[in-house]
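To be precise, the following lines are work-v6.cif, and they hold mmCIF, C-alpha atoms.
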```cif
data_run
#
loop_
_atom_site.label_atom_id
_atom_site.label_comp_id
_atom_site.auth_asym_id
_atom_site.auth_seq_id
_atom_site.Cartn_x
_atom_site.Cartn_y
_atom_site.Cartn_z
CA MET A 143 -44.83 8.56 7.60
CA THR A 144 -42.03 10.15 9.58
CA ALA A 145 -42.21 13.59 11.16
CA PRO A 146 -39.88 15.16 8.56
CA GLU A 147 -42.06 13.74 5.79
CA ARG A 148 -45.17 15.14 7.42
CA SER A 149 -43.57 18.55 7.88
CA GLY A 150 -42.32 18.46 4.32
CA GLY A 151 -45.80 17.63 3.05
CA ALA A 152 -47.25 20.53 5.06
CA GLY A 153 -44.60 22.82 3.62
CA MET A 154 -45.40 21.68 0.08
CA ALA A 155 -49.10 22.29 0.70
CA ALA A 156 -48.37 25.76 2.04
CA ALA A 157 -46.10 26.49 -0.91
CA ALA A 158 -48.82 25.37 -3.28
CA GLY A 159 -51.17 27.89 -1.65
CA ILE A 160 -53.54 25.27 -0.20
CA ARG A 161 -55.62 26.63 2.66
CA ARG A 162 -57.06 24.29 5.25
CA ILE A 163 -60.43 25.27 6.65
CA ASP A 164 -60.28 25.49 10.43
CA VAL A 165 -63.74 24.20 11.33
CA ALA A 166 -63.26 24.80 15.06
CA LYS A 167 -62.45 28.45 14.40
CA LEU A 168 -64.99 28.97 11.59
CA LEU A 169 -68.01 27.45 13.33
CA PRO A 170 -68.32 30.10 16.08
CA GLN A 171 -68.04 32.83 13.43
CA LEU A 172 -70.97 31.29 11.52
CA ILE A 173 -73.10 30.76 14.61
CA ALA A 174 -72.50 34.29 15.95
CA PRO A 175 -74.70 36.27 13.50
CA VAL A 176 -77.52 33.72 13.73
CA ALA A 177 -77.45 33.85 17.51
CA ALA A 178 -77.36 37.65 17.44
CA LEU A 179 -80.45 37.83 15.22
CA VAL A 180 -82.28 35.37 17.45
CA ILE A 181 -81.47 37.54 20.46
CA ALA A 182 -82.64 40.65 18.60
CA ALA A 183 -85.92 38.94 17.69
CA ALA A 184 -86.41 37.80 21.29
CA ILE A 185 -85.89 41.30 22.72
CA SER A 186 -88.17 42.79 20.05
CA SER A 187 -90.79 40.21 21.01
CA VAL A 188 -90.62 41.41 24.60
CA ALA A 189 -91.15 45.00 23.41
CA LEU A 190 -94.15 43.86 21.36
CA LEU A 191 -95.64 41.99 24.30
CA ILE A 192 -95.27 45.09 26.47
CA SER A 193 -97.22 46.97 23.75
CA ASP A 194 -99.97 44.29 23.93
CA LYS A 195 -99.13 43.03 20.42
CA ASP A 196 -98.66 39.47 19.21
CA PRO A 197 -94.97 39.05 18.20
CA LEU A 198 -95.61 36.07 15.94
CA LEU A 199 -98.37 37.89 14.08
CA ALA A 200 -96.20 41.01 13.70
CA PHE A 201 -93.25 39.01 12.36
CA GLN A 202 -95.56 37.13 10.00
CA HIS A 203 -96.93 40.40 8.58
CA MET A 204 -93.41 41.78 8.22
CA TYR A 205 -92.31 38.69 6.30
CA GLU A 206 -95.36 38.61 4.03
CA PHE A 207 -95.11 42.32 3.24
CA GLY A 208 -91.32 42.23 2.80
CA THR A 209 -91.45 39.36 0.31
CA MET A 210 -93.97 41.02 -2.02
CA PRO A 211 -92.46 41.89 -5.44
CA ASP A 212 -92.79 45.65 -4.94
CA SER A 213 -91.18 45.35 -1.52
CA GLN A 214 -88.32 43.30 -2.93
CA VAL A 215 -87.58 46.09 -5.40
CA GLU A 216 -87.54 48.72 -2.67
CA ILE A 217 -85.42 46.52 -0.39
CA LEU A 218 -82.77 46.15 -3.10
CA ASN A 219 -82.88 49.88 -3.78
CA LYS A 220 -82.31 50.67 -0.12
CA ALA A 221 -79.68 47.95 0.15
CA SER A 222 -77.68 49.55 -2.67
CA GLU A 223 -77.39 52.80 -0.74
CA TYR A 224 -76.71 51.08 2.58
CA TYR A 225 -74.05 48.85 1.01
CA ILE A 226 -72.12 51.73 -0.56
CA ALA A 227 -72.17 53.58 2.77
CA ALA A 228 -71.00 50.43 4.56
CA VAL A 229 -68.07 49.97 2.17
CA ALA A 230 -67.03 53.59 2.76
CA VAL A 231 -67.08 53.01 6.52
CA ALA A 232 -65.34 49.61 6.24
CA ILE A 233 -62.36 51.10 4.41
CA GLY A 234 -61.73 53.32 7.41
CA PHE A 235 -62.36 50.46 9.85
CA LYS A 236 -59.70 48.35 8.14
CA MET A 237 -57.23 51.13 8.87
CA GLY A 238 -58.45 51.58 12.43
CA LEU A 239 -60.18 54.85 11.48
CA PHE A 240 -63.76 55.79 12.35
CA ASN A 241 -65.07 57.77 9.41
CA ILE A 242 -68.29 59.04 10.98
CA GLY A 243 -68.55 61.65 8.23
CA VAL A 244 -70.08 59.55 5.44
CA GLU A 245 -73.34 61.47 5.91
CA GLY A 246 -71.77 64.86 5.23
CA GLN A 247 -69.45 63.60 2.50
CA SER A 248 -72.35 62.03 0.61
CA LYS A 249 -74.49 65.18 0.83
CA VAL A 250 -71.79 67.58 -0.32
CA ALA A 251 -70.71 65.22 -3.12
CA ALA A 252 -74.20 64.63 -4.52
CA PHE A 253 -75.06 68.33 -4.34
CA PHE A 254 -72.02 69.53 -6.30
CA ALA A 255 -72.26 66.67 -8.79
CA GLY A 256 -75.95 67.37 -9.41
CA THR A 257 -75.41 71.12 -9.67
CA LEU A 258 -72.62 70.77 -12.23
CA ALA A 259 -74.36 68.11 -14.32
CA SER A 260 -77.61 70.11 -14.53
CA ALA A 261 -75.95 73.47 -15.28
CA SER A 262 -77.02 75.23 -18.47
CA PHE A 263 -73.51 75.22 -19.93
CA MET A 264 -73.46 71.39 -19.78
CA THR A 265 -76.29 70.85 -22.26
CA TRP A 266 -73.85 69.75 -24.98
CA MET A 267 -72.75 66.66 -23.03
CA PRO A 268 -74.21 63.26 -24.02
CA GLY A 269 -76.23 61.45 -21.37
CA SER A 270 -73.86 58.53 -20.85
CA LEU A 271 -70.91 60.88 -20.46
CA ARG A 272 -72.93 62.99 -18.02
CA ILE A 273 -73.52 59.92 -15.83
CA VAL A 274 -69.77 59.28 -15.77
CA LEU A 275 -69.20 62.95 -14.93
CA ILE A 276 -71.63 62.78 -11.99
CA ILE A 277 -69.91 59.69 -10.59
CA VAL A 278 -66.40 61.14 -10.98
CA VAL A 279 -67.30 64.55 -9.55
CA ALA A 280 -69.12 62.97 -6.60
CA MET A 281 -66.10 60.82 -5.78
CA ILE A 282 -63.68 63.76 -6.06
CA VAL A 283 -65.81 66.05 -3.88
CA GLY A 284 -66.37 63.30 -1.30
CA ALA A 285 -62.62 62.65 -1.15
CA LEU A 286 -61.83 66.35 -0.79
CA TRP A 287 -64.34 66.76 2.04
CA ALA A 288 -62.88 63.73 3.83
CA SER A 289 -59.35 65.08 3.32
CA ILE A 290 -60.09 67.86 5.83
CA ALA A 291 -60.44 65.30 8.62
CA ALA A 292 -57.41 63.38 7.34
CA LEU A 293 -55.18 66.44 7.41
CA LEU A 294 -56.44 67.47 10.84
CA LYS A 295 -55.56 64.02 12.16
CA THR A 296 -52.12 63.71 10.57
CA GLN A 297 -50.98 67.32 11.02
CA ARG A 298 -52.65 68.31 14.30
CA GLY A 299 -53.61 65.01 15.93
CA VAL A 300 -57.35 65.78 15.91
CA SER A 301 -59.49 62.66 16.32
CA GLU A 302 -61.27 61.76 13.10
CA VAL A 303 -64.41 60.96 15.11
CA ILE A 304 -64.73 64.55 16.30
CA SER A 305 -63.71 66.19 13.03
CA THR A 306 -65.96 64.05 10.81
CA LEU A 307 -68.94 64.58 13.12
CA MET A 308 -68.44 68.34 12.96
CA LEU A 309 -67.95 68.19 9.19
CA ASN A 310 -71.32 66.43 8.89
CA ALA A 311 -73.06 69.45 10.38
CA ILE A 312 -70.94 71.93 8.42
CA GLY A 313 -71.50 70.09 5.14
CA GLY A 314 -75.26 69.92 5.64
CA LEU A 315 -75.47 73.65 6.45
CA VAL A 316 -73.29 74.63 3.48
CA VAL A 317 -75.45 72.59 1.12
CA THR A 318 -78.65 74.08 2.54
CA TRP A 319 -77.27 77.61 2.18
CA LEU A 320 -76.09 77.13 -1.39
CA LEU A 321 -79.28 75.32 -2.40
CA ASN A 322 -81.74 77.84 -0.94
CA ASP A 323 -79.87 81.10 -1.52
CA HIS A 324 -77.72 80.60 -4.60
CA TRP A 325 -77.85 77.56 -6.89
CA GLY A 326 -81.19 75.96 -6.15
CA VAL A 327 -84.18 76.14 -8.50
CA THR A 328 -87.89 75.65 -7.95
CA GLU A 329 -89.38 73.46 -10.65
CA PRO A 330 -92.99 74.09 -11.77
CA GLY A 331 -95.39 72.55 -9.26
CA ALA A 332 -92.64 71.94 -6.69
CA GLN A 333 -92.65 73.33 -3.17
CA ILE A 334 -88.94 73.04 -2.40
CA LYS A 335 -85.72 74.06 -4.09
CA THR A 336 -83.57 71.46 -5.77
CA THR A 337 -80.70 71.34 -8.19
CA GLY A 338 -81.76 71.34 -11.84
CA ILE A 339 -83.50 68.29 -13.26
CA LEU A 340 -81.06 66.10 -15.16
CA PRO A 341 -81.81 65.59 -18.88
CA GLU A 342 -83.69 62.37 -19.55
CA ASP A 343 -80.83 60.84 -21.52
CA SER A 344 -78.70 60.93 -18.36
CA TRP A 345 -81.19 58.98 -16.26
CA MET A 346 -79.70 55.62 -15.31
CA PRO A 347 -81.97 52.82 -16.58
CA GLY A 348 -83.49 50.39 -14.12
CA LEU A 349 -82.99 46.65 -13.88
CA PRO A 350 -86.12 44.45 -14.40
CA ILE A 351 -84.84 41.62 -12.24
CA ILE A 352 -87.87 41.12 -9.95
CA ALA A 353 -90.77 39.17 -11.41
CA GLY A 354 -94.38 40.07 -10.66
CA THR A 355 -94.03 43.85 -10.67
CA ASP A 356 -93.62 46.67 -13.16
CA GLN A 357 -91.14 48.45 -10.89
CA GLU A 358 -87.46 48.16 -11.67
CA VAL A 359 -84.47 48.00 -9.38
CA LEU A 360 -82.29 51.11 -9.54
CA GLY A 361 -79.51 50.60 -12.07
CA PHE A 362 -76.87 51.75 -9.62
CA LEU A 363 -77.15 48.31 -8.01
CA ALA A 364 -74.71 47.10 -10.67
CA VAL A 365 -72.22 49.79 -9.58
CA ALA A 366 -72.61 48.66 -5.95
CA VAL A 367 -71.80 45.07 -6.94
CA VAL A 368 -68.69 46.18 -8.84
CA LEU A 369 -67.71 48.34 -5.87
CA GLY A 370 -67.96 45.35 -3.53
CA ALA A 371 -65.76 43.23 -5.80
CA ALA A 372 -63.20 46.04 -6.08
CA TYR A 373 -63.21 46.45 -2.30
CA TRP A 374 -62.55 42.74 -1.76
CA PHE A 375 -59.75 42.64 -4.34
CA THR A 376 -58.07 45.78 -3.04
CA ILE A 377 -58.16 44.73 0.61
CA ASN A 378 -57.13 41.10 0.11
CA ARG A 379 -55.05 40.99 -3.07
CA THR A 380 -53.00 44.19 -3.24
CA ARG A 381 -49.98 45.60 -1.43
CA PHE A 382 -52.01 48.65 -0.45
CA GLY A 383 -54.66 46.43 1.14
CA PHE A 384 -52.01 44.53 3.08
CA ASP A 385 -50.46 47.76 4.36
CA LEU A 386 -53.94 49.03 5.25
CA ARG A 387 -54.79 45.94 7.28
CA ALA A 388 -51.35 45.76 8.85
CA THR A 389 -51.56 49.37 9.99
CA GLY A 390 -55.03 48.75 11.39
CA TYR A 391 -53.91 45.65 13.33
CA ASN A 392 -50.68 47.09 14.71
CA PRO A 393 -49.63 50.59 13.59
CA PHE A 394 -46.30 50.40 15.44
CA ALA A 395 -45.27 47.16 13.72
CA ALA A 396 -46.42 48.56 10.37
CA VAL A 397 -44.31 51.68 10.81
CA ALA A 398 -41.32 49.55 11.83
CA SER A 399 -41.70 47.57 8.59
CA GLY A 400 -41.53 50.72 6.49
CA VAL A 401 -45.19 51.78 6.12
CA ASN A 402 -45.77 55.54 6.09
CA ALA A 403 -48.54 55.83 8.68
CA LYS A 404 -49.53 59.41 7.85
CA ARG A 405 -49.72 58.67 4.15
CA MET A 406 -51.87 55.61 4.85
CA VAL A 407 -54.27 57.67 6.99
CA ILE A 408 -54.68 60.27 4.27
CA THR A 409 -55.05 57.67 1.52
CA ALA A 410 -57.58 55.63 3.45
CA MET A 411 -59.68 58.69 4.28
CA LEU A 412 -59.57 59.89 0.68
CA ILE A 413 -60.75 56.53 -0.65
CA SER A 414 -63.40 56.27 2.06
CA GLY A 415 -64.66 59.76 1.22
CA ALA A 416 -64.66 58.99 -2.50
CA VAL A 417 -66.85 55.93 -1.94
CA ALA A 418 -69.08 57.94 0.41
CA GLY A 419 -69.65 60.39 -2.43
CA LEU A 420 -71.58 57.66 -4.28
CA VAL A 421 -74.13 57.00 -1.52
CA ASN A 422 -76.90 59.30 -2.79
CA LEU A 423 -76.36 58.66 -6.49
CA PRO A 424 -78.65 55.60 -6.82
CA ARG A 425 -81.71 57.77 -6.06
CA MET A 426 -80.46 60.84 -7.88
CA LEU A 427 -79.66 59.03 -11.13
CA GLY A 428 -82.50 56.52 -11.08
CA GLU A 429 -85.43 58.11 -9.25
CA SER A 430 -85.44 61.82 -8.35
CA HIS A 431 -83.03 62.92 -11.14
CA THR A 432 -82.06 65.89 -8.97
CA TYR A 433 -80.61 66.63 -5.54
CA THR A 434 -83.06 67.53 -2.78
CA GLU A 435 -82.69 68.19 0.92
CA GLY A 436 -84.51 64.91 1.47
CA PHE A 437 -81.27 63.10 0.76
CA GLY A 438 -79.46 61.89 3.85
CA GLY A 439 -79.79 59.59 6.82
CA ILE A 440 -77.84 56.81 5.11
CA GLY A 441 -74.33 57.54 6.36
CA PHE A 442 -75.00 56.47 9.93
CA THR A 443 -76.83 53.38 8.69
CA GLY A 444 -73.63 52.46 6.88
CA LEU A 445 -71.88 52.26 10.25
CA ALA A 446 -74.40 49.72 11.50
CA VAL A 447 -74.27 47.65 8.31
CA ALA A 448 -70.46 47.60 8.35
CA LEU A 449 -70.47 46.40 11.95
CA LEU A 450 -73.17 43.85 11.16
CA GLY A 451 -71.20 42.49 8.21
CA ARG A 452 -67.82 42.58 9.99
CA ASN A 453 -66.39 44.68 7.12
CA HIS A 454 -66.62 41.68 4.78
CA PRO A 455 -68.15 42.39 1.34
CA VAL A 456 -70.58 39.46 1.51
CA GLY A 457 -71.44 40.07 5.16
CA MET A 458 -72.15 43.74 4.48
CA ALA A 459 -74.35 42.80 1.50
CA LEU A 460 -76.44 40.53 3.72
CA GLY A 461 -76.56 43.21 6.40
CA ALA A 462 -77.69 45.83 3.86
CA ILE A 463 -80.49 43.55 2.64
CA LEU A 464 -81.59 42.88 6.22
CA TRP A 465 -81.58 46.62 6.97
CA GLY A 466 -83.56 47.26 3.80
CA PHE A 467 -86.08 44.62 4.80
CA LEU A 468 -86.54 46.12 8.26
CA ALA A 469 -86.86 49.63 6.84
CA ARG A 470 -89.51 48.48 4.39
CA SER A 471 -91.38 46.50 7.05
CA GLN A 472 -91.99 49.64 9.08
CA LEU A 473 -94.84 50.47 6.69
CA ILE A 474 -96.87 47.37 7.53
CA LEU A 475 -96.31 47.87 11.25
CA ASP A 476 -97.88 51.32 11.00
CA LEU A 477 -100.92 49.82 9.27
CA ASP A 478 -101.22 47.20 12.01
CA GLY A 479 -101.10 49.86 14.70
CA ILE A 480 -97.71 48.67 15.94
CA PRO A 481 -95.17 51.38 16.84
CA LYS A 482 -92.53 51.51 14.11
CA GLU A 483 -89.97 52.13 16.84
CA ILE A 484 -90.06 48.36 17.33
CA VAL A 485 -88.03 48.08 14.13
CA LEU A 486 -85.53 50.63 15.45
CA ILE A 487 -85.21 48.57 18.63
CA MET A 488 -84.61 45.47 16.52
CA GLN A 489 -81.94 47.23 14.47
CA GLY A 490 -80.09 48.58 17.49
CA VAL A 491 -80.21 45.30 19.38
CA ALA A 492 -79.07 43.41 16.27
CA VAL A 493 -75.94 45.54 15.97
CA LEU A 494 -75.09 45.25 19.67
CA SER A 495 -75.77 41.52 19.66
CA VAL A 496 -73.64 40.93 16.59
CA VAL A 497 -70.70 42.90 18.01
CA ILE A 498 -70.88 40.97 21.31
CA ALA A 499 -71.45 37.61 19.60
CA TYR A 500 -68.51 38.05 17.23
CA GLU A 501 -66.23 39.07 20.08
CA LEU A 502 -67.22 35.96 22.04
CA ALA A 503 -66.76 33.83 18.92
CA ALA A 504 -63.31 35.31 18.33
CA ARG A 505 -62.28 34.56 21.91
CA ILE A 506 -63.58 30.99 21.67
CA GLY A 507 -61.73 30.53 18.38
CA ARG A 508 -58.47 31.89 19.81
CA ARG A 509 -58.66 29.64 22.87
CA ALA A 510 -59.37 26.58 20.73
CA GLN A 511 -56.46 27.44 18.46
CA GLN A 512 -54.15 27.94 21.45
CA ARG A 513 -55.13 24.53 22.83
CA ARG A 514 -54.47 22.86 19.48
CA VAL A 515 -51.09 24.58 19.16
CA GLY A 516 -50.21 23.51 22.69
CA VAL A 517 -51.15 19.89 21.99
CA ALA A 518 -49.26 19.89 18.68
CA THR A 519 -46.17 21.42 20.30
CA ALA A 520 -46.20 18.87 23.11
CA THR A 521 -46.61 16.00 20.65
CA ALA A 522 -43.84 17.20 18.33
CA ALA A 523 -41.36 17.94 21.14
CA PRO A 524 -38.48 15.40 21.15
CA ALA A 525 -38.05 13.22 24.19
CA PRO A 526 -35.26 14.39 26.52
CA ALA A 527 -32.01 12.56 25.99
CA VAL A 528 -30.94 10.22 28.81
CA VAL A 529 -27.28 10.52 29.64
CA GLU A 530 -26.00 7.40 31.28
CA GLU A 531 -23.40 8.09 33.93
CA SER A 532 -20.24 6.17 33.26
CA LYS A 533 -19.12 3.92 35.97
#
```
Encoding of this model in structure tokens:
Amino acid sequence: MTAPERSGGAGMAAAAGIRRIDVAKLLPQLIAPVAALVIAAAISSVALLISDKDPLLAFQHMYEFGTMPDSQVEILNKASEYYIAAVAVAIGFKMGLFNIGVEGQSKVAAFFAGTLASASFMTWMPGSLRIVLIIVVAMIVGALWASIAALLKTQRGVSEVISTLMLNAIGGLVVTWLLNDHWGVTEPGAQIKTTGILPEDSWMPGLPIIAGTDQEVLGFLAVAVVLGAAYWFTINRTRFGFDLRATGYNPFAAVASGVNAKRMVITAMLISGAVAGLVNLPRMLGESHTYTEGFGGIGFTGLAVALLGRNHPVGMALGAILWGFLARSQLILDLDGIPKEIVLIMQGVAVLSVVIAYELAARIGRRAQQRRVGVATATAAPAPAVVEESK
């Protein structure tokens, strides 16, 4: 086959949308997370040995406890919350934005959604419609709270890292003030103030998907799965997703191609805040049926899960399950007399190891690709013409 025929065949394959899997580039990306977890386990083992504990025995107890049916239910419940928070963070990451404010956005959103849905003038609303109302209101409030940081960045050049961190504190204090001094109620037998208890017909039913236990997985897991699919489709199959990624990769080139950078910043922050508004809803709709000050602490976990999963929907799902497993395993470590901070060490080291491992894998992949391009270019280059000097 001649060179033109080969190039024509490659062009036809490209036109047909056929993608060739680059094994040399893909292999380091697959090895990186495994290597990072091994490193995290090794460093955690050192911490256990310093504490005069047997690492193998501790890991065995963690595995046995984490694979029990009741633990599997709780792991999936935690993973649902972590995954939603990770998606909210990943939307900003794709744009090159660091939305550190998922914690505050989720608190403010859940509080206002719970307050409105449990208000006395909403008793006429059917339960299924009330669930939809809670989801919609939470997304709107989360987006509005995130819009403050977006406007500060686009209109005044304020870093979204600083503004979202400050808005976390402001949002938490506003919710505490409104809950304790204005809209909160104390249910009979309760010691703390909460929003009103949602009517029973608006409780989201659980999912009996784990055998061997009477406990059910929170029904909001289905919403998290749909959210992940919508995230993947939007980022990879829409014009908005292309503009989002292009602006994140190179904002100057994106602007030169006609993308409105300020509009993209605002849109990305609004969508990120809207998703963040859903973070506390799995527990509120399926377990507590009210908003309490115990909600929180998930937004910053979303940052770690997004980094661990490299902003990919499947990677973040695996990261959320791993984080849920480690969070659940803390209980058995306490019973064994092992400091639960060992799990925190493992989580922190895992994130750092994954970030470093993926960066090394990306560099290895780029160098391998550059070598292949160089070899292909040298092979395809025509031989220099020999001009014979006339006598």
- I would like the residues chosen by the PyMOL selection byres ((chain A and resi 427-437) around 6) on the shown file; could you give them as a PyMOL selection string? chain A and resi 253+336-337+339-340+345-346+360+423-426+438
Kindly save the residues from that selection, with C-alpha atoms included, as an mmCIF file, keeping the file's coordinate frame.
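Below you can see again37.cif, which holds the result:
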```cif
data_model
loop_
_atom_site.group_PDB
_atom_site.id
_atom_site.type_symbol
_atom_site.label_atom_id
_atom_site.label_comp_id
_atom_site.auth_asym_id
_atom_site.auth_seq_id
_atom_site.Cartn_x
_atom_site.Cartn_y
_atom_site.Cartn_z
ATOM 1 C CA PHE A 253 -75.060 68.330 -4.340
ATOM 2 C CA THR A 336 -83.570 71.460 -5.770
ATOM 3 C CA THR A 337 -80.700 71.340 -8.190
ATOM 4 C CA ILE A 339 -83.500 68.290 -13.260
ATOM 5 C CA LEU A 340 -81.060 66.100 -15.160
ATOM 6 C CA TRP A 345 -81.190 58.980 -16.260
ATOM 7 C CA MET A 346 -79.700 55.620 -15.310
ATOM 8 C CA LEU A 360 -82.290 51.110 -9.540
ATOM 9 C CA LEU A 423 -76.360 58.660 -6.490
ATOM 10 C CA PRO A 424 -78.650 55.600 -6.820
ATOM 11 C CA ARG A 425 -81.710 57.770 -6.060
ATOM 12 C CA MET A 426 -80.460 60.840 -7.880
ATOM 13 C CA GLY A 438 -79.460 61.890 3.850
#
```
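Nearest to Leu494 (chain A) of all the residues A:Leu258, A:Ala371, A:Leu179, A:Met204 is A:Leu179, counting all atoms listed in the file.
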- Task: Enumerate, as a list in words, the residues matched when the PyMOL selection byres ((chain A and resi 260-269) around 9) is run on the file above.
- Result: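 The output of the PyMOL selection byres ((chain A and resi 260-269) around 9) on this file is Ala255, Gly256, Thr257, Leu258, Ala259, Ser270, Leu271, Arg272, Ile273, Val274, Thr337, Gly338, Ile339, Leu340, Pro341, Glu342, Asp343, Ser344, Trp345 and Thr432 of chain A.
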- Message: Please list as a ChimeraX atom specification every residue within 12 Å of Ile487 (chain A), counting all atoms listed in the file and excluding residues in the same chain fewer than 5 positions away.
- Response: /A:181-190,468-469,472,481-482,492-495
- Message: Assuming the chain letters and numbering stay as they are in my file, what does the PyMOL selection byres ((chain A and resi 219) around 9) actually select? List them as a ChimeraX atom specification.
- Response: /A:214-218,220-224,359-363,424-425,466
